[in-house]
>>> print(open('final16.cif').read())   # mmCIF, C-alpha atoms
data_model
#
loop_
_atom_site.group_PDB
_atom_site.id
_atom_site.type_symbol
_atom_site.label_atom_id
_atom_site.label_comp_id
_atom_site.auth_asym_id
_atom_site.auth_seq_id
_atom_site.Cartn_x
_atom_site.Cartn_y
_atom_site.Cartn_z
ATOM 1 C CA MET A 1070 77.559 27.675 44.093
ATOM 2 C CA ALA A 1071 77.545 24.446 46.119
ATOM 3 C CA ASN A 1072 74.458 23.501 48.118
ATOM 4 C CA ARG A 1073 72.108 25.723 46.124
ATOM 5 C CA HIS A 1074 68.798 23.958 45.789
ATOM 6 C CA THR A 1075 67.986 23.755 42.078
ATOM 7 C CA ILE A 1076 64.676 23.005 40.392
ATOM 8 C CA ILE A 1077 64.697 22.062 36.712
ATOM 9 C CA LEU A 1078 61.405 22.867 34.990
ATOM 10 C CA MET A 1079 60.797 21.128 31.698
ATOM 11 C CA GLN A 1080 58.190 20.383 29.092
ATOM 12 C CA THR A 1081 59.031 17.645 26.589
ATOM 13 C CA SER A 1082 56.442 18.516 23.930
ATOM 14 C CA GLN A 1083 53.915 21.200 23.066
ATOM 15 C CA ASN A 1084 51.348 19.251 25.096
ATOM 16 C CA ARG A 1085 51.018 21.021 28.461
ATOM 17 C CA SER A 1086 50.510 17.683 30.203
ATOM 18 C CA THR A 1087 54.237 16.920 29.608
ATOM 19 C CA ARG A 1088 55.282 19.656 32.048
ATOM 20 C CA THR A 1089 57.307 18.314 34.939
ATOM 21 C CA PHE A 1090 60.078 19.276 37.331
ATOM 22 C CA MET A 1091 63.078 17.696 38.984
ATOM 23 C CA ASP A 1092 64.710 19.072 42.113
ATOM 24 C CA TYR A 1093 68.280 18.697 43.306
ATOM 25 C CA ASP A 1094 70.396 19.783 46.269
ATOM 26 C CA SER A 1095 72.942 21.568 44.060
ATOM 27 C CA ILE A 1096 73.505 22.971 40.587
ATOM 28 C CA SER A 1097 76.052 20.216 39.937
ATOM 29 C CA GLN A 1098 73.533 17.486 40.808
ATOM 30 C CA ALA A 1099 70.979 19.172 38.545
ATOM 31 C CA MET A 1100 73.426 19.135 35.617
ATOM 32 C CA ASP A 1101 74.122 15.448 36.357
ATOM 33 C CA GLY A 1102 70.372 14.877 36.313
ATOM 34 C CA ILE A 1103 69.968 16.527 32.908
ATOM 35 C CA CYS A 1104 72.823 14.442 31.471
ATOM 36 C CA GLY A 1105 71.261 11.322 32.988
ATOM 37 C CA LEU A 1106 67.917 12.200 31.443
ATOM 38 C CA TYR A 1107 69.561 12.441 28.023
ATOM 39 C CA GLU A 1108 71.511 9.210 28.547
ATOM 40 C CA ARG A 1109 68.319 7.333 29.479
ATOM 41 C CA LYS A 1110 66.660 8.691 26.340
ATOM 42 C CA LEU A 1111 69.609 7.468 24.238
ATOM 43 C CA LYS A 1112 69.387 3.989 25.803
ATOM 44 C CA GLU A 1113 65.652 3.945 25.166
ATOM 45 C CA LEU A 1114 66.213 4.806 21.488
ATOM 46 C CA ASN A 1115 69.183 2.407 21.096
ATOM 47 C CA PRO A 1116 68.477 -0.616 23.325
ATOM 48 C CA ALA A 1117 70.937 -2.901 21.503
ATOM 49 C CA ILE A 1118 73.962 -0.627 21.981
ATOM 50 C CA ARG A 1119 75.815 -1.316 25.225
ATOM 51 C CA ASN A 1120 78.148 1.699 25.358
ATOM 52 C CA ILE A 1121 76.566 4.854 24.049
ATOM 53 C CA THR A 1122 78.710 7.937 23.571
ATOM 54 C CA TYR A 1123 77.691 11.490 22.750
ATOM 55 C CA ASP A 1124 79.258 14.902 22.494
ATOM 56 C CA ILE A 1125 78.174 18.283 23.811
ATOM 57 C CA ALA A 1126 76.432 19.189 20.533
ATOM 58 C CA ASP A 1127 74.186 16.108 20.919
ATOM 59 C CA LEU A 1128 73.286 17.145 24.471
ATOM 60 C CA TYR A 1129 72.582 20.708 23.305
ATOM 61 C CA ASN A 1130 70.304 19.380 20.547
ATOM 62 C CA PHE A 1131 68.406 17.351 23.149
ATOM 63 C CA ILE A 1132 67.968 20.408 25.384
ATOM 64 C CA ASP A 1133 66.946 22.574 22.411
ATOM 65 C CA GLY A 1134 64.538 19.866 21.241
ATOM 66 C CA LEU A 1135 62.475 20.131 24.409
ATOM 67 C CA ALA A 1136 59.468 22.427 24.256
ATOM 68 C CA ASP A 1137 60.803 24.228 27.347
ATOM 69 C CA MET A 1138 63.531 23.932 29.964
ATOM 70 C CA SER A 1139 64.563 26.365 32.665
ATOM 71 C CA ALA A 1140 66.059 26.343 36.135
ATOM 72 C CA LEU A 1141 65.255 27.947 39.459
ATOM 73 C CA VAL A 1142 68.288 28.222 41.733
ATOM 74 C CA TYR A 1143 67.997 29.184 45.379
ATOM 75 C CA ASP A 1144 70.008 32.248 46.373
ATOM 76 C CA HIS A 1145 70.629 32.279 50.129
ATOM 77 C CA SER A 1146 71.443 35.990 50.185
ATOM 78 C CA ILE A 1147 67.957 37.005 49.077
ATOM 79 C CA GLN A 1148 66.186 33.851 50.295
ATOM 80 C CA ALA A 1149 64.490 33.344 46.928
ATOM 81 C CA TYR A 1150 64.850 31.377 43.712
ATOM 82 C CA LEU A 1151 66.469 33.026 40.699
ATOM 83 C CA PRO A 1152 65.327 31.936 37.214
ATOM 84 C CA TYR A 1153 67.763 30.810 34.524
ATOM 85 C CA ASP A 1154 67.059 29.999 30.897
ATOM 86 C CA ARG A 1155 67.938 27.156 28.555
ATOM 87 C CA GLN A 1156 71.159 28.913 27.432
ATOM 88 C CA TRP A 1157 72.387 29.057 31.041
ATOM 89 C CA ILE A 1158 71.594 25.352 31.470
ATOM 90 C CA LYS A 1159 73.618 24.532 28.349
ATOM 91 C CA GLN A 1160 76.593 26.555 29.631
ATOM 92 C CA ARG A 1161 76.409 24.903 33.043
ATOM 93 C CA THR A 1162 76.148 21.362 31.619
ATOM 94 C CA PHE A 1163 79.236 22.091 29.484
ATOM 95 C CA GLN A 1164 81.184 23.359 32.522
ATOM 96 C CA HIS A 1165 79.988 20.363 34.539
ATOM 97 C CA LEU A 1166 81.049 17.807 31.913
ATOM 98 C CA LYS A 1167 84.385 19.583 31.412
ATOM 99 C CA LYS A 1168 85.039 19.334 35.146
ATOM 100 C CA LEU A 1169 84.181 15.619 35.131
ATOM 101 C CA ALA A 1170 86.577 14.991 32.229
ATOM 102 C CA HIS A 1171 89.591 16.305 34.174
#
>>> encode(input="final16.cif", output="structure tokens")
Amino acid sequence: MANRHTIILMQTSQNRSTRTFMDYDSISQAMDGICGLYERKLKELNPAIRNITYDIADLYNFIDGLADMSALVYDHSIQAYLPYDRQWIKQRTFQHLKKLAH
């Protein structure tokens, strides 16, 4: 799973102009990017709090609160991108954070 170019497609609201993407060199970096996106949002909403903590349910609520989020992951064997949904992203962020905790 390492070194699989990953594109995260997202739309923050129903307004189509909020569509954007982020690309990463690996699935792990993409999951880091999603967590970082959430952490920046938390800091933006709570500027006076120095150390912000959250649990996986909070991250899931953030992901579910977006109008849309999906991933395209490059598969070298077929030389194409495979699509993954929001549920897959949530599972992968959980696995990623669990790995970081140990």
>>> axis_aligned_box(input="final16.cif", around="range 1161-1169 of chain A", padding_each_side="8 Å", output="lines of an AutoDock Vina configuration file")
center_x = 80.6
center_y = 20.3
center_z = 32.3
size_x = 24.9
size_y = 25.3
size_z = 21.7
>>> closest_residue(input="final16.cif", among="A:Met1091, A:Cys1104, A:Ala1170, A:Met1079", to="Asp1127 in chain A", atoms="all atoms listed in the file")
A:Cys1104
>>> residues_around(input="final16.cif", residues="Trp1157 in chain A", least_positions_apart="6", cutoff="10 Å", atoms="all atoms listed in the file", output="PDB file with C-alpha atoms, in the frame of the given file")
ATOM      1  CA  SER A1139      64.563  26.365  32.665  1.00  0.00           C
ATOM      2  CA  ALA A1140      66.059  26.343  36.135  1.00  0.00           C
ATOM      3  CA  PHE A1163      79.236  22.091  29.484  1.00  0.00           C
TER       4      PHE A1163
END
>>> atom_distance(input="final16.cif", atom1="CA of Gly1134 in chain A", atom2="CA of Lys1167 in chain A")
22.3 Å
>>> residues_around(input="final16.cif", residues="Glu1108 in chain A", least_positions_apart="4", cutoff="12 Å", atoms="all atoms listed in the file", output="CSV table (one decimal) with C-alpha atoms, in the frame of the given file")
chain,number,residue,atom,x,y,z
A,1101,ASP,CA,74.1,15.4,36.4
A,1102,GLY,CA,70.4,14.9,36.3
A,1103,ILE,CA,70.0,16.5,32.9
A,1104,CYS,CA,72.8,14.4,31.5
A,1112,LYS,CA,69.4,4.0,25.8
A,1113,GLU,CA,65.7,3.9,25.2
A,1114,LEU,CA,66.2,4.8,21.5
A,1115,ASN,CA,69.2,2.4,21.1
A,1116,PRO,CA,68.5,-0.6,23.3
A,1119,ARG,CA,75.8,-1.3,25.2
A,1120,ASN,CA,78.1,1.7,25.4
A,1121,ILE,CA,76.6,4.9,24.0
A,1122,THR,CA,78.7,7.9,23.6
A,1123,TYR,CA,77.7,11.5,22.8
A,1124,ASP,CA,79.3,14.9,22.5
A,1127,ASP,CA,74.2,16.1,20.9
A,1128,LEU,CA,73.3,17.1,24.5
A,1131,PHE,CA,68.4,17.4,23.1
>>> atom_distance(input="final16.cif", atom1="CA of Ser1086 in chain A", atom2="CA of Leu1135 in chain A")
13.5 Å
>>> residues_near_point(input="final16.cif", point="(65.5, 23.4, 38.1)", cutoff="6 Å", atoms="all atoms listed in the file", output="PyMOL selection string")
chain A and resi 1075-1078+1092+1140-1141
>>> atom_distance(input="final16.cif", atom1="CA of Arg1109 in chain A", atom2="CA of Asp1154 in chain A")
22.7 Å
>>> resolve_selection(input="final16.cif", expression="the PyMOL selection byres ((chain A and resi 1082) around 8)", output="PyMOL selection string")
chain A and resi 1080-1081+1083-1085+1087+1135-1137
>>> closest_residue(input="final16.cif", among="A:Gln1156, A:Ser1146, A:Gln1164, A:Asn1072", to="Tyr1093 in chain A", atoms="only C-alpha atoms")
A:Asn1072
>>> decode(input="final16.cif", residues="range 1085-1101 of chain A", atoms="N, CA, C and O atoms", output="JSON list (two decimals), in the first residue's frame")
[["chain", "number", "residue", "atom", "x", "y", "z"],
["A", 1085, "ARG", "N", -21.28, 23.97, -5.39],
["A", 1085, "ARG", "CA", -20.30, 23.28, -6.24],
["A", 1085, "ARG", "C", -18.95, 23.98, -6.30],
["A", 1085, "ARG", "O", -17.94, 23.35, -6.58],
["A", 1086, "SER", "N", -18.93, 25.27, -6.01],
["A", 1086, "SER", "CA", -17.66, 26.00, -6.06],
["A", 1086, "SER", "C", -16.72, 25.60, -4.91],
["A", 1086, "SER", "O", -15.55, 25.99, -4.91],
["A", 1087, "THR", "N", -17.21, 24.82, -3.93],
["A", 1087, "THR", "CA", -16.35, 24.37, -2.82],
["A", 1087, "THR", "C", -15.65, 23.05, -3.14],
["A", 1087, "THR", "O", -14.94, 22.52, -2.29],
["A", 1088, "ARG", "N", -15.82, 22.54, -4.34],
["A", 1088, "ARG", "CA", -15.13, 21.32, -4.74],
["A", 1088, "ARG", "C", -13.63, 21.59, -4.84],
["A", 1088, "ARG", "O", -13.20, 22.60, -5.38],
["A", 1089, "THR", "N", -12.85, 20.66, -4.31],
["A", 1089, "THR", "CA", -11.40, 20.79, -4.39],
["A", 1089, "THR", "C", -10.77, 19.40, -4.30],
["A", 1089, "THR", "O", -11.48, 18.41, -4.11],
["A", 1090, "PHE", "N", -9.48, 19.34, -4.44],
["A", 1090, "PHE", "CA", -8.78, 18.07, -4.29],
["A", 1090, "PHE", "C", -7.43, 18.31, -3.63],
["A", 1090, "PHE", "O", -6.93, 19.43, -3.62],
["A", 1091, "MET", "N", -6.92, 17.25, -3.05],
["A", 1091, "MET", "CA", -5.58, 17.27, -2.46],
["A", 1091, "MET", "C", -4.89, 15.99, -2.93],
["A", 1091, "MET", "O", -5.54, 14.94, -2.96],
["A", 1092, "ASP", "N", -3.64, 16.08, -3.33],
["A", 1092, "ASP", "CA", -2.98, 14.83, -3.75],
["A", 1092, "ASP", "C", -1.75, 14.55, -2.91],
["A", 1092, "ASP", "O", -1.08, 15.46, -2.41],
["A", 1093, "TYR", "N", -1.49, 13.27, -2.71],
["A", 1093, "TYR", "CA", -0.44, 12.80, -1.82],
["A", 1093, "TYR", "C", 0.30, 11.64, -2.47],
["A", 1093, "TYR", "O", -0.25, 10.95, -3.32],
["A", 1094, "ASP", "N", 1.52, 11.40, -2.00],
["A", 1094, "ASP", "CA", 2.33, 10.31, -2.55],
["A", 1094, "ASP", "C", 1.95, 8.95, -2.02],
["A", 1094, "ASP", "O", 2.37, 7.93, -2.57],
["A", 1095, "SER", "N", 1.16, 8.90, -0.93],
["A", 1095, "SER", "CA", 0.77, 7.61, -0.36],
["A", 1095, "SER", "C", -0.57, 7.73, 0.34],
["A", 1095, "SER", "O", -1.03, 8.84, 0.65],
["A", 1096, "ILE", "N", -1.18, 6.59, 0.62],
["A", 1096, "ILE", "CA", -2.43, 6.56, 1.36],
["A", 1096, "ILE", "C", -2.21, 7.13, 2.76],
["A", 1096, "ILE", "O", -3.01, 7.91, 3.27],
["A", 1097, "SER", "N", -1.10, 6.76, 3.38],
["A", 1097, "SER", "CA", -0.78, 7.22, 4.73],
["A", 1097, "SER", "C", -0.68, 8.76, 4.78],
["A", 1097, "SER", "O", -1.23, 9.39, 5.69],
["A", 1098, "GLN", "N", -0.01, 9.34, 3.80],
["A", 1098, "GLN", "CA", 0.10, 10.80, 3.75],
["A", 1098, "GLN", "C", -1.27, 11.44, 3.54],
["A", 1098, "GLN", "O", -1.56, 12.50, 4.10],
["A", 1099, "ALA", "N", -2.11, 10.79, 2.76],
["A", 1099, "ALA", "CA", -3.46, 11.31, 2.53],
["A", 1099, "ALA", "C", -4.26, 11.32, 3.82],
["A", 1099, "ALA", "O", -4.98, 12.27, 4.13],
["A", 1100, "MET", "N", -4.15, 10.24, 4.61],
["A", 1100, "MET", "CA", -4.87, 10.17, 5.88],
["A", 1100, "MET", "C", -4.34, 11.23, 6.85],
["A", 1100, "MET", "O", -5.10, 11.86, 7.58],
["A", 1101, "ASP", "N", -3.02, 11.45, 6.83],
["A", 1101, "ASP", "CA", -2.42, 12.54, 7.62],
["A", 1101, "ASP", "C", -3.01, 13.88, 7.19],
["A", 1101, "ASP", "O", -3.29, 14.74, 8.02]]
